[in-house]
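Data file: work-v5.cif. Format and content: mmCIF, C-alpha atoms.
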data_entry
#
loop_
_atom_site.group_PDB
_atom_site.id
_atom_site.type_symbol
_atom_site.label_atom_id
_atom_site.label_comp_id
_atom_site.auth_asym_id
_atom_site.auth_seq_id
_atom_site.Cartn_x
_atom_site.Cartn_y
_atom_site.Cartn_z
ATOM 1 C CA MET A 21 129.371 115.407 81.738
ATOM 2 C CA GLN A 22 126.692 112.745 81.824
ATOM 3 C CA TYR A 23 127.134 109.291 83.351
ATOM 4 C CA ARG A 24 125.755 105.875 82.449
ATOM 5 C CA LYS A 25 125.628 102.548 84.269
ATOM 6 C CA LEU A 26 128.108 99.965 83.070
ATOM 7 C CA GLY A 27 125.853 97.190 81.810
ATOM 8 C CA ARG A 28 124.086 95.327 84.596
ATOM 9 C CA THR A 29 126.459 96.644 87.309
ATOM 10 C CA GLY A 30 125.851 99.568 89.629
ATOM 11 C CA LEU A 31 129.045 101.317 88.472
ATOM 12 C CA LYS A 32 128.441 104.743 86.924
ATOM 13 C CA ILE A 33 130.962 105.888 84.338
ATOM 14 C CA SER A 34 131.294 109.042 82.265
ATOM 15 C CA GLU A 35 129.949 108.811 78.733
ATOM 16 C CA ILE A 36 133.367 110.018 77.575
ATOM 17 C CA SER A 37 136.464 108.073 78.659
ATOM 18 C CA LEU A 38 140.048 109.237 78.316
ATOM 19 C CA GLY A 39 142.250 106.985 76.184
ATOM 20 C CA THR A 40 145.933 107.215 77.074
ATOM 21 C CA MET A 41 147.691 105.366 74.261
ATOM 22 C CA ALA A 42 149.573 108.607 73.503
ATOM 23 C CA PHE A 43 151.057 108.813 77.014
ATOM 24 C CA GLY A 44 154.736 107.905 76.863
ATOM 25 C CA ARG A 45 154.399 107.015 73.194
ATOM 26 C CA TRP A 46 153.772 110.342 71.465
ATOM 27 C CA ILE A 47 153.730 112.777 74.416
ATOM 28 C CA ASP A 48 155.866 113.036 77.537
ATOM 29 C CA GLU A 49 154.747 113.098 81.177
ATOM 30 C CA ARG A 50 154.346 116.868 81.339
ATOM 31 C CA SER A 51 152.077 116.958 78.277
ATOM 32 C CA SER A 52 150.220 113.897 79.564
ATOM 33 C CA ALA A 53 149.550 115.729 82.840
ATOM 34 C CA ALA A 54 147.899 118.603 80.990
ATOM 35 C CA VAL A 55 145.637 116.186 79.091
ATOM 36 C CA LEU A 56 144.729 114.248 82.239
ATOM 37 C CA ASP A 57 143.977 117.412 84.214
ATOM 38 C CA GLN A 58 141.656 118.667 81.474
ATOM 39 C CA ALA A 59 139.846 115.323 81.335
ATOM 40 C CA LEU A 60 139.271 115.169 85.086
ATOM 41 C CA ASP A 61 138.177 118.826 85.186
ATOM 42 C CA ALA A 62 135.624 118.023 82.461
ATOM 43 C CA GLY A 63 134.099 115.286 84.631
ATOM 44 C CA ILE A 64 135.636 112.312 82.836
ATOM 45 C CA ASN A 65 136.095 109.553 85.408
ATOM 46 C CA VAL A 66 137.245 106.619 83.225
ATOM 47 C CA ILE A 67 140.949 106.490 82.386
ATOM 48 C CA ASP A 68 141.690 103.732 79.874
ATOM 49 C CA THR A 69 145.164 102.343 79.264
ATOM 50 C CA ALA A 70 146.883 99.018 78.529
ATOM 51 C CA ASP A 71 150.079 97.312 79.607
ATOM 52 C CA VAL A 72 151.333 97.399 76.015
ATOM 53 C CA TYR A 73 151.014 101.176 75.502
ATOM 54 C CA GLY A 74 154.411 102.820 75.112
ATOM 55 C CA ARG A 75 157.315 103.442 72.753
ATOM 56 C CA GLY A 76 157.676 99.733 72.105
ATOM 57 C CA MET A 77 154.572 99.810 69.911
ATOM 58 C CA ASP A 78 156.454 101.893 67.336
ATOM 59 C CA LEU A 79 159.965 100.623 67.916
ATOM 60 C CA GLY A 80 159.086 96.940 67.671
ATOM 61 C CA ASP A 81 160.462 96.250 71.136
ATOM 62 C CA PRO A 82 157.788 94.910 73.520
ATOM 63 C CA SER A 83 160.166 95.252 76.464
ATOM 64 C CA LEU A 84 159.588 99.030 76.227
ATOM 65 C CA SER A 85 155.880 98.597 76.962
ATOM 66 C CA GLY A 86 154.168 100.059 79.991
ATOM 67 C CA GLU A 87 155.082 103.740 79.770
ATOM 68 C CA SER A 88 151.466 104.877 79.705
ATOM 69 C CA GLU A 89 150.739 103.006 82.937
ATOM 70 C CA ALA A 90 153.919 104.332 84.575
ATOM 71 C CA ILE A 91 153.035 107.934 83.724
ATOM 72 C CA LEU A 92 149.493 107.472 85.021
ATOM 73 C CA GLY A 93 150.859 106.000 88.230
ATOM 74 C CA ASN A 94 152.792 109.205 88.847
ATOM 75 C CA LEU A 95 150.002 111.555 87.786
ATOM 76 C CA LEU A 96 147.179 109.892 89.735
ATOM 77 C CA LYS A 97 148.846 110.215 93.126
ATOM 78 C CA GLY A 98 146.342 111.730 95.537
ATOM 79 C CA ARG A 99 143.384 111.318 93.179
ATOM 80 C CA ARG A 100 143.369 107.618 92.363
ATOM 81 C CA HIS A 101 140.019 107.136 94.094
ATOM 82 C CA ASP A 102 138.401 109.818 91.924
ATOM 83 C CA THR A 103 138.924 107.704 88.809
ATOM 84 C CA ILE A 104 137.728 104.458 87.287
ATOM 85 C CA LEU A 105 141.035 102.988 86.159
ATOM 86 C CA ALA A 106 140.901 100.515 83.278
ATOM 87 C CA THR A 107 143.794 98.607 81.764
ATOM 88 C CA LYS A 108 144.286 95.570 79.532
ATOM 89 C CA VAL A 109 146.274 92.375 79.162
ATOM 90 C CA LYS A 110 147.229 90.058 76.279
ATOM 91 C CA ALA A 111 149.623 91.799 73.883
ATOM 92 C CA PRO A 112 153.361 91.025 74.042
ATOM 93 C CA VAL A 113 155.102 92.984 76.795
ATOM 94 C CA GLY A 114 158.422 91.195 76.598
ATOM 95 C CA LYS A 115 160.445 88.843 74.435
ATOM 96 C CA GLY A 116 159.800 85.680 76.440
ATOM 97 C CA ILE A 117 157.612 82.861 75.136
ATOM 98 C CA ASN A 118 155.054 83.484 77.917
ATOM 99 C CA ASP A 119 155.128 87.295 77.788
ATOM 100 C CA SER A 120 151.794 87.497 75.985
ATOM 101 C CA GLY A 121 148.424 85.777 75.778
ATOM 102 C CA LEU A 122 145.755 84.991 78.334
ATOM 103 C CA SER A 123 147.212 82.078 80.275
ATOM 104 C CA ARG A 124 146.884 82.122 84.058
ATOM 105 C CA TYR A 125 150.675 82.499 84.197
ATOM 106 C CA HIS A 126 150.750 85.617 82.040
ATOM 107 C CA ILE A 127 147.628 87.239 83.497
ATOM 108 C CA TYR A 128 148.962 87.039 87.059
ATOM 109 C CA ARG A 129 152.385 88.304 86.063
ATOM 110 C CA ALA A 130 151.026 91.090 83.846
ATOM 111 C CA LEU A 131 148.601 92.282 86.503
ATOM 112 C CA GLU A 132 151.309 92.522 89.152
ATOM 113 C CA ASN A 133 153.421 94.588 86.757
ATOM 114 C CA SER A 134 150.462 96.849 85.919
ATOM 115 C CA LEU A 135 149.707 97.377 89.611
ATOM 116 C CA ARG A 136 153.335 98.293 90.241
ATOM 117 C CA ARG A 137 153.497 100.777 87.364
ATOM 118 C CA LEU A 138 150.117 102.302 88.211
ATOM 119 C CA GLN A 139 151.098 102.515 91.904
ATOM 120 C CA THR A 140 147.796 101.067 93.049
ATOM 121 C CA ASP A 141 146.643 97.863 94.710
ATOM 122 C CA TYR A 142 143.572 97.280 92.516
ATOM 123 C CA ILE A 143 142.250 97.809 88.980
ATOM 124 C CA ASP A 144 138.648 98.936 88.560
ATOM 125 C CA LEU A 145 138.152 97.355 85.129
ATOM 126 C CA TYR A 146 140.610 94.732 83.920
ATOM 127 C CA GLN A 147 140.084 93.874 80.254
ATOM 128 C CA VAL A 148 141.500 91.147 78.051
ATOM 129 C CA HIS A 149 142.795 92.920 74.951
ATOM 130 C CA GLY A 150 141.540 90.344 72.478
ATOM 131 C CA PHE A 151 140.589 86.699 72.061
ATOM 132 C CA ASP A 152 143.378 84.169 72.640
ATOM 133 C CA PRO A 153 142.728 81.018 70.582
ATOM 134 C CA GLU A 154 145.679 79.242 72.222
ATOM 135 C CA THR A 155 144.336 79.439 75.769
ATOM 136 C CA PRO A 156 141.087 77.802 76.932
ATOM 137 C CA LEU A 157 138.531 80.378 78.019
ATOM 138 C CA GLU A 158 138.101 78.366 81.237
ATOM 139 C CA GLU A 159 141.716 79.064 82.164
ATOM 140 C CA THR A 160 141.446 82.788 81.431
ATOM 141 C CA LEU A 161 138.104 83.285 83.163
ATOM 142 C CA GLY A 162 139.114 81.187 86.151
ATOM 143 C CA ALA A 163 142.240 83.282 86.672
ATOM 144 C CA LEU A 164 140.291 86.532 86.377
ATOM 145 C CA ASP A 165 137.638 85.306 88.811
ATOM 146 C CA ASP A 166 140.336 84.423 91.345
ATOM 147 C CA LEU A 167 141.843 87.891 91.010
ATOM 148 C CA VAL A 168 138.455 89.502 91.625
ATOM 149 C CA LYS A 169 138.068 87.405 94.760
ATOM 150 C CA GLU A 170 141.580 88.409 95.842
ATOM 151 C CA GLY A 171 140.528 92.065 95.625
ATOM 152 C CA LYS A 172 142.981 92.995 92.892
ATOM 153 C CA ILE A 173 140.259 93.563 90.284
ATOM 154 C CA ARG A 174 136.776 95.082 90.708
ATOM 155 C CA TYR A 175 135.230 94.215 87.308
ATOM 156 C CA ILE A 176 136.390 92.331 84.220
ATOM 157 C CA GLY A 177 135.804 93.114 80.573
ATOM 158 C CA CYS A 178 136.994 92.157 77.107
ATOM 159 C CA SER A 179 138.045 93.989 73.979
ATOM 160 C CA ASN A 180 137.814 93.067 70.303
ATOM 161 C CA PHE A 181 135.672 89.965 70.906
ATOM 162 C CA ALA A 182 133.155 88.684 68.378
ATOM 163 C CA ALA A 183 129.619 88.157 69.624
ATOM 164 C CA TRP A 184 130.052 84.359 69.721
ATOM 165 C CA GLN A 185 133.256 84.677 71.753
ATOM 166 C CA LEU A 186 131.579 86.907 74.330
ATOM 167 C CA ALA A 187 128.542 84.610 74.482
ATOM 168 C CA LYS A 188 130.759 81.562 74.986
ATOM 169 C CA ALA A 189 132.652 83.341 77.767
ATOM 170 C CA HIS A 190 129.391 84.262 79.477
ATOM 171 C CA GLY A 191 128.202 80.678 79.283
ATOM 172 C CA ILE A 192 131.379 79.400 80.928
ATOM 173 C CA SER A 193 131.163 82.024 83.677
ATOM 174 C CA ALA A 194 127.541 81.132 84.352
ATOM 175 C CA LEU A 195 128.337 77.417 84.487
ATOM 176 C CA HIS A 196 131.059 77.902 87.108
ATOM 177 C CA LYS A 197 129.371 80.827 88.910
ATOM 178 C CA TRP A 198 132.369 83.014 88.101
ATOM 179 C CA ASN A 199 132.468 86.765 87.588
ATOM 180 C CA ARG A 200 131.686 87.488 83.950
ATOM 181 C CA PHE A 201 132.768 90.067 81.399
ATOM 182 C CA GLU A 202 130.611 93.083 82.261
ATOM 183 C CA SER A 203 131.838 95.198 79.361
ATOM 184 C CA ILE A 204 133.250 94.955 75.894
ATOM 185 C CA GLN A 205 135.500 97.420 74.097
ATOM 186 C CA PRO A 206 135.076 97.326 70.303
ATOM 187 C CA GLU A 207 135.930 99.853 67.606
ATOM 188 C CA TYR A 208 132.900 101.906 66.584
ATOM 189 C CA SER A 209 132.368 105.088 64.592
ATOM 190 C CA LEU A 210 130.511 106.465 61.609
ATOM 191 C CA ILE A 211 132.982 104.630 59.362
ATOM 192 C CA THR A 212 133.385 101.417 61.379
ATOM 193 C CA ARG A 213 129.956 99.955 62.118
ATOM 194 C CA ASP A 214 130.583 96.206 61.967
ATOM 195 C CA ILE A 215 129.410 95.647 65.557
ATOM 196 C CA GLU A 216 125.840 96.543 64.597
ATOM 197 C CA GLN A 217 125.380 93.196 62.840
ATOM 198 C CA GLU A 218 125.804 90.711 65.700
ATOM 199 C CA LEU A 219 127.552 92.236 68.714
ATOM 200 C CA VAL A 220 125.050 95.028 69.389
ATOM 201 C CA PRO A 221 122.002 92.699 69.441
ATOM 202 C CA TYR A 222 123.858 90.409 71.843
ATOM 203 C CA VAL A 223 124.976 93.089 74.299
ATOM 204 C CA GLN A 224 121.476 94.546 74.295
ATOM 205 C CA SER A 225 119.951 91.162 75.115
ATOM 206 C CA ASP A 226 122.502 90.340 77.829
ATOM 207 C CA ASN A 227 122.959 93.836 79.320
ATOM 208 C CA VAL A 228 126.680 94.273 78.653
ATOM 209 C CA GLY A 229 128.399 97.644 78.864
ATOM 210 C CA VAL A 230 129.922 98.916 75.603
ATOM 211 C CA ILE A 231 132.948 101.211 75.812
ATOM 212 C CA VAL A 232 134.006 101.990 72.252
ATOM 213 C CA TYR A 233 137.373 103.121 70.940
ATOM 214 C CA SER A 234 138.212 105.262 67.894
ATOM 215 C CA PRO A 235 134.828 107.094 67.829
ATOM 216 C CA LEU A 236 136.473 109.634 65.503
ATOM 217 C CA GLY A 237 137.600 106.949 63.066
ATOM 218 C CA ARG A 238 141.316 107.228 63.921
ATOM 219 C CA GLY A 239 141.129 110.938 63.150
ATOM 220 C CA ILE A 240 139.410 110.580 59.778
ATOM 221 C CA LEU A 241 136.187 112.050 61.162
ATOM 222 C CA THR A 242 137.916 115.260 62.195
ATOM 223 C CA GLY A 243 138.059 116.089 58.487
ATOM 224 C CA LYS A 244 141.812 116.607 58.504
ATOM 225 C CA TYR A 245 142.393 114.041 55.755
ATOM 226 C CA ARG A 246 141.149 114.696 52.223
ATOM 227 C CA LYS A 247 141.354 112.381 49.246
ATOM 228 C CA GLY A 248 144.207 113.244 46.911
ATOM 229 C CA GLU A 249 145.863 115.615 49.403
ATOM 230 C CA GLU A 250 149.049 115.019 51.345
ATOM 231 C CA PRO A 251 148.365 114.495 55.065
ATOM 232 C CA ALA A 252 149.573 117.196 57.435
ATOM 233 C CA ALA A 253 153.039 116.747 58.887
ATOM 234 C CA GLY A 254 152.909 115.089 62.291
ATOM 235 C CA SER A 255 149.572 113.366 61.639
ATOM 236 C CA ARG A 256 149.100 109.630 62.115
ATOM 237 C CA LEU A 257 148.588 109.152 58.378
ATOM 238 C CA ALA A 258 151.781 111.077 57.575
ATOM 239 C CA ALA A 259 153.589 108.824 60.035
ATOM 240 C CA GLY A 260 152.405 105.816 58.037
ATOM 241 C CA GLU A 261 150.063 104.198 60.549
ATOM 242 C CA LYS A 262 149.170 100.938 58.826
ATOM 243 C CA ARG A 263 145.714 100.434 60.364
ATOM 244 C CA LEU A 264 144.710 103.946 59.314
ATOM 245 C CA GLU A 265 146.002 103.397 55.777
ATOM 246 C CA LEU A 266 144.102 100.112 55.566
ATOM 247 C CA LEU A 267 140.898 101.735 56.783
ATOM 248 C CA LEU A 268 141.112 104.452 54.144
ATOM 249 C CA SER A 269 141.893 102.001 51.348
ATOM 250 C CA HIS A 270 139.030 99.567 52.102
ATOM 251 C CA ASN A 271 136.319 101.961 53.237
ATOM 252 C CA PRO A 272 134.361 104.823 51.587
ATOM 253 C CA ALA A 273 135.610 107.019 54.430
ATOM 254 C CA TYR A 274 136.510 110.085 52.378
ATOM 255 C CA GLU A 275 133.149 110.077 50.628
ATOM 256 C CA LEU A 276 131.272 109.567 53.901
ATOM 257 C CA VAL A 277 133.056 112.494 55.535
ATOM 258 C CA GLU A 278 132.082 114.810 52.685
ATOM 259 C CA GLU A 279 128.447 113.653 52.883
ATOM 260 C CA ILE A 280 128.341 114.177 56.650
ATOM 261 C CA ARG A 281 130.078 117.556 56.613
ATOM 262 C CA PRO A 282 126.923 119.580 55.687
ATOM 263 C CA LEU A 283 124.997 117.958 58.572
ATOM 264 C CA ALA A 284 127.655 119.072 61.045
ATOM 265 C CA GLU A 285 127.794 122.560 59.525
ATOM 266 C CA ALA A 286 124.009 122.871 59.789
ATOM 267 C CA ARG A 287 124.375 122.534 63.564
ATOM 268 C CA GLY A 288 127.396 124.809 63.687
ATOM 269 C CA TRP A 289 129.525 121.919 64.922
ATOM 270 C CA THR A 290 132.847 120.529 63.808
ATOM 271 C CA LEU A 291 132.918 117.126 62.149
ATOM 272 C CA ALA A 292 134.534 115.652 65.262
ATOM 273 C CA GLN A 293 131.792 116.997 67.520
ATOM 274 C CA PHE A 294 129.122 115.624 65.207
ATOM 275 C CA ALA A 295 130.805 112.209 64.923
ATOM 276 C CA LEU A 296 131.126 111.876 68.703
ATOM 277 C CA SER A 297 127.514 112.878 69.257
ATOM 278 C CA TRP A 298 126.449 110.276 66.666
ATOM 279 C CA VAL A 299 128.157 107.512 68.665
ATOM 280 C CA LEU A 300 126.611 108.647 71.957
ATOM 281 C CA SER A 301 123.163 108.989 70.395
ATOM 282 C CA HIS A 302 122.904 105.182 70.426
ATOM 283 C CA SER A 303 121.494 103.835 73.687
ATOM 284 C CA TYR A 304 123.620 100.674 73.557
ATOM 285 C CA ILE A 305 126.820 102.721 73.928
ATOM 286 C CA THR A 306 127.968 103.252 77.515
ATOM 287 C CA SER A 307 131.039 105.380 76.865
ATOM 288 C CA ALA A 308 133.284 106.518 74.006
ATOM 289 C CA ILE A 309 137.050 106.570 74.497
ATOM 290 C CA LEU A 310 138.573 109.844 73.383
ATOM 291 C CA GLY A 311 142.280 109.621 72.647
ATOM 292 C CA ALA A 312 143.974 112.981 73.160
ATOM 293 C CA SER A 313 147.492 114.372 72.962
ATOM 294 C CA LYS A 314 146.538 117.974 73.753
ATOM 295 C CA PRO A 315 144.065 119.412 76.324
ATOM 296 C CA GLU A 316 142.159 121.256 73.598
ATOM 297 C CA HIS A 317 141.380 117.951 71.902
ATOM 298 C CA ILE A 318 139.173 117.155 74.877
ATOM 299 C CA THR A 319 137.683 120.631 75.227
ATOM 300 C CA ASP A 320 136.695 120.845 71.568
ATOM 301 C CA ALA A 321 135.412 117.290 71.194
ATOM 302 C CA ILE A 322 133.120 117.224 74.236
ATOM 303 C CA LYS A 323 131.583 120.668 73.752
ATOM 304 C CA TYR A 324 128.312 119.195 72.454
ATOM 305 C CA ALA A 325 128.727 115.615 73.653
ATOM 306 C CA ASP A 326 125.632 115.862 75.842
ATOM 307 C CA GLN A 327 123.442 116.743 72.850
ATOM 308 C CA ARG A 328 121.845 113.936 70.865
ATOM 309 C CA LEU A 329 121.180 113.795 67.163
ATOM 310 C CA THR A 330 117.561 113.737 66.037
ATOM 311 C CA ARG A 331 115.891 110.651 64.620
ATOM 312 C CA GLU A 332 115.812 112.412 61.244
ATOM 313 C CA GLU A 333 119.565 113.021 61.331
ATOM 314 C CA LEU A 334 120.302 109.425 62.303
ATOM 315 C CA ASP A 335 118.065 108.134 59.506
ATOM 316 C CA HIS A 336 119.733 110.478 57.020
ATOM 317 C CA ILE A 337 123.160 109.166 58.002
ATOM 318 C CA ASP A 338 121.954 105.590 57.539
ATOM 319 C CA GLU A 339 120.700 106.499 54.061
ATOM 320 C CA ILE A 340 124.088 107.973 53.192
ATOM 321 C CA SER A 341 125.858 104.865 54.486
ATOM 322 C CA ARG A 342 123.610 102.553 52.500
ATOM 323 C CA LYS A 343 124.133 104.636 49.368
ATOM 324 C CA LEU A 344 127.890 104.248 49.802
ATOM 325 C CA LYS A 345 127.392 100.555 50.556
ATOM 326 C CA HIS A 346 128.950 101.154 53.947
ATOM 327 C CA ILE A 347 126.136 99.351 55.789
ATOM 328 C CA ARG A 348 123.507 96.936 54.568
#
Turn the structure described in the file into structure tokens.
Amino acid sequence: MQYRKLGRTGLKISEISLGTMAFGRWIDERSSAAVLDQALDAGINVIDTADVYGRGMDLGDPSLSGESEAILGNLLKGRRHDTILATKVKAPVGKGINDSGLSRYHIYRALENSLRRLQTDYIDLYQVHGFDPETPLEETLGALDDLVKEGKIRYIGCSNFAAWQLAKAHGISALHKWNRFESIQPEYSLITRDIEQELVPYVQSDNVGVIVYSPLGRGILTGKYRKGEEPAAGSRLAAGEKRLELLLSHNPAYELVEEIRPLAEARGWTLAQFALSWVLSHSYITSAILGASKPEHITDAIKYADQRLTREELDHIDEISRKLKHIR
């Protein structure tokens, strides 16, 4: 496993992070333990979760949120200090009017609940899960800065922010001499490259860490879905995941996969291995979050993660994407 500095900080994180959205949602604690053990054995030191991850995401009941954090709290006993623990705040975690968002009230309450579930007294990287247009950024950033000073948070980050939102947040933090967002967590893969237009130039200019999610395109880049074929039983597409269905209906994903397949085969790699290496071949990426529900998902995916694609391969992929009108 290779490690990269998180933006301008001195924190070194593994170039692969473990995403735990499946914990308590699709797999139980015993299966989660097997996945976590494999990740730590592979040298992964970033464990990414969120207060909203749990059965409530599928059952429509936000009061059932938090199972991923609770499972991690049990599993990390005795090895908490060997991990960089990251969690998030914003999504509804209850039915009350103030059980979501980025107000000072909700942030403080949500953090205390996350600390309790995770059985720890600090979070290494606390991330806002998205932009909250109803709460002034000054209120959010001021609350986060206070929590850093109280020792409950080490670093702060954001997820799903546009470049202008991140830049505005940085300006406010600079004005007040507050801790700033040191990382951003956007979606990024061979089939989701929107961040290249504005966000990537900004993070490069301002030295912000980039920890991306869905580097395998929500499973599309494993090659398990083919146009015109019924998805395998038990897959996310068979379960009717709306975001996956939307991605496939508004994106030349199937065509891109078939164009990329020969490039992966030429290396003797799986599509997933090739897709992950493509993400990590870009210097502006700090780490890629790998969601896993089985230990072998980690073993197989990271087999060639330390190998970079050649300039010729990257250019060829860009040509394919332009041909499919996937990028400009």
Report task. Could you state which residues are captured by the PyMOL selection byres ((chain A and resi 106) around 6) in this file, as a PyMOL selection string? Result -> chain A and resi 68+105+107+144-146
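With only C-alpha atoms as the basis for measurement, A:Ala284 is the residue among A:Val55, A:Ile91, A:Ala284, A:Ile143 that approaches A:Glu333 most closely.
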Query raised in the report: Can you list what the PyMOL selection byres ((chain A and resi 85) around 12) grabs from this structure, as a PyMOL selection string?
Result: chain A and resi 41+43-45+69-84+86-91+109+111-115+119-120+130+133-134+137
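Put simply, atom CA of A:Ile305 is 14.9 Å away from atom CA of A:Leu334.
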Report task. Let me know the residues the PyMOL selection byres ((chain A and resi 34) around 9) catches in the file above, as a ChimeraX atom specification. Result -> /A:21-25,32-33,35-37,63-66,306-308
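Of the residues listed (A:Arg28, A:Asp326, A:Leu296, A:Asn227), A:Arg28 shows the shortest atom-to-atom separation from A:Tyr175; distances use only C-alpha atoms.
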Query - Non-local contacts of A:Arg200 (12 Å; only C-alpha atoms; under 6 positions in same chain excluded) as a PyMOL selection string - result: chain A and resi 27-29+145-147+157-158+160-166+168+174-178+186-194+226-229
Query - A:Gly243 surroundings by all atoms listed in the file, 10 Å radius, close-in-sequence under 6 positions cut, as a PyMOL selection string - result: chain A and resi 236+274+277-278+281+290-292
Would you save the residues from that selection as an mmCIF file, keeping the file's coordinate frame, using C-alpha atoms?
data_model
loop_
_atom_site.group_PDB
_atom_site.id
_atom_site.type_symbol
_atom_site.label_atom_id
_atom_site.label_comp_id
_atom_site.auth_asym_id
_atom_site.auth_seq_id
_atom_site.Cartn_x
_atom_site.Cartn_y
_atom_site.Cartn_z
ATOM 1 C CA LEU A 236 136.473 109.634 65.503
ATOM 2 C CA TYR A 274 136.510 110.085 52.378
ATOM 3 C CA VAL A 277 133.056 112.494 55.535
ATOM 4 C CA GLU A 278 132.082 114.810 52.685
ATOM 5 C CA ARG A 281 130.078 117.556 56.613
ATOM 6 C CA THR A 290 132.847 120.529 63.808
ATOM 7 C CA LEU A 291 132.918 117.126 62.149
ATOM 8 C CA ALA A 292 134.534 115.652 65.262
#
Box time for stretch 27-38 of chain A: axis-aligned, enclosing all its listed atoms, 8 Å extra on each side; report centre and edge lengths in Å to one decimal, as JSON.
{"center_x": 132.1, "center_y": 102.7, "center_z": 83.6, "size_x": 32.0, "size_y": 30.7, "size_z": 28.1}
Just the residues within 12 Å of A:Pro153, please, counting all atoms listed in the file, with nothing from its chain fewer than 6 positions along; format it as a short mmCIF file (atom, residue, chain, number, x, y, z; two decimals) with C-alpha atoms, in the frame of the given file.
data_model
loop_
_atom_site.label_atom_id
_atom_site.label_comp_id
_atom_site.auth_asym_id
_atom_site.auth_seq_id
_atom_site.Cartn_x
_atom_site.Cartn_y
_atom_site.Cartn_z
CA LYS A 110 147.23 90.06 76.28
CA GLY A 121 148.42 85.78 75.78
CA LEU A 122 145.76 84.99 78.33
CA SER A 123 147.21 82.08 80.28
CA GLU A 159 141.72 79.06 82.16
CA THR A 160 141.45 82.79 81.43
CA PHE A 181 135.67 89.96 70.91
CA GLN A 185 133.26 84.68 71.75
#
Query - Distance of atom CA of A:Leu283 from atom CA of A:Ile340, expressed in Å to one decimal place - result: 11.4 Å
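For the pair atom CA of A:Thr242 and atom CA of A:Glu316, the interatomic distance is 13.6 Å.
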Can you fill out stretch 33-48 of chain A with N, CA and C atoms and hand it back as a PDB file, in the coordinates of the input?
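This is the output file part-v4.pdb:
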ATOM      1  N   ILE A  33     129.766 105.372  85.011  1.00  0.00           N
ATOM      2  CA  ILE A  33     130.962 105.888  84.338  1.00  0.00           C
ATOM      3  C   ILE A  33     130.584 107.027  83.394  1.00  0.00           C
ATOM      4  N   SER A  34     131.533 107.913  83.157  1.00  0.00           N
ATOM      5  CA  SER A  34     131.294 109.042  82.265  1.00  0.00           C
ATOM      6  C   SER A  34     131.106 108.553  80.835  1.00  0.00           C
ATOM      7  N   GLU A  35     130.225 109.242  80.106  1.00  0.00           N
ATOM      8  CA  GLU A  35     129.949 108.811  78.733  1.00  0.00           C
ATOM      9  C   GLU A  35     131.126 109.101  77.794  1.00  0.00           C
ATOM     10  N   ILE A  36     132.097 109.852  78.271  1.00  0.00           N
ATOM     11  CA  ILE A  36     133.367 110.018  77.575  1.00  0.00           C
ATOM     12  C   ILE A  36     134.456 109.439  78.472  1.00  0.00           C
ATOM     13  N   SER A  37     135.312 108.600  77.930  1.00  0.00           N
ATOM     14  CA  SER A  37     136.464 108.073  78.659  1.00  0.00           C
ATOM     15  C   SER A  37     137.730 108.658  78.042  1.00  0.00           C
ATOM     16  N   LEU A  38     138.779 108.747  78.836  1.00  0.00           N
ATOM     17  CA  LEU A  38     140.048 109.237  78.316  1.00  0.00           C
ATOM     18  C   LEU A  38     140.927 108.061  77.921  1.00  0.00           C
ATOM     19  N   GLY A  39     141.312 107.993  76.661  1.00  0.00           N
ATOM     20  CA  GLY A  39     142.250 106.985  76.184  1.00  0.00           C
ATOM     21  C   GLY A  39     143.671 107.524  76.279  1.00  0.00           C
ATOM     22  N   THR A  40     144.579 106.718  76.800  1.00  0.00           N
ATOM     23  CA  THR A  40     145.933 107.215  77.074  1.00  0.00           C
ATOM     24  C   THR A  40     147.017 106.489  76.273  1.00  0.00           C
ATOM     25  N   MET A  41     146.692 106.035  75.088  1.00  0.00           N
ATOM     26  CA  MET A  41     147.691 105.366  74.261  1.00  0.00           C
ATOM     27  C   MET A  41     148.822 106.321  73.875  1.00  0.00           C
ATOM     28  N   ALA A  42     148.550 107.628  73.866  1.00  0.00           N
ATOM     29  CA  ALA A  42     149.573 108.607  73.503  1.00  0.00           C
ATOM     30  C   ALA A  42     150.584 108.820  74.624  1.00  0.00           C
ATOM     31  N   PHE A  43     150.186 108.539  75.873  1.00  0.00           N
ATOM     32  CA  PHE A  43     151.057 108.813  77.014  1.00  0.00           C
ATOM     33  C   PHE A  43     152.330 107.960  76.932  1.00  0.00           C
ATOM     34  N   GLY A  44     153.475 108.623  76.920  1.00  0.00           N
ATOM     35  CA  GLY A  44     154.736 107.905  76.863  1.00  0.00           C
ATOM     36  C   GLY A  44     155.089 107.371  75.494  1.00  0.00           C
ATOM     37  N   ARG A  45     154.161 107.474  74.565  1.00  0.00           N
ATOM     38  CA  ARG A  45     154.399 107.015  73.194  1.00  0.00           C
ATOM     39  C   ARG A  45     154.616 108.206  72.267  1.00  0.00           C
ATOM     40  N   TRP A  46     153.670 109.147  72.302  1.00  0.00           N
ATOM     41  CA  TRP A  46     153.772 110.342  71.465  1.00  0.00           C
ATOM     42  C   TRP A  46     153.943 111.620  72.281  1.00  0.00           C
ATOM     43  N   ILE A  47     153.570 111.592  73.564  1.00  0.00           N
ATOM     44  CA  ILE A  47     153.730 112.777  74.416  1.00  0.00           C
ATOM     45  C   ILE A  47     154.395 112.382  75.724  1.00  0.00           C
ATOM     46  N   ASP A  48     155.139 113.325  76.305  1.00  0.00           N
ATOM     47  CA  ASP A  48     155.866 113.036  77.537  1.00  0.00           C
ATOM     48  C   ASP A  48     154.977 113.225  78.767  1.00  0.00           C
TER      49      ASP A  48
END
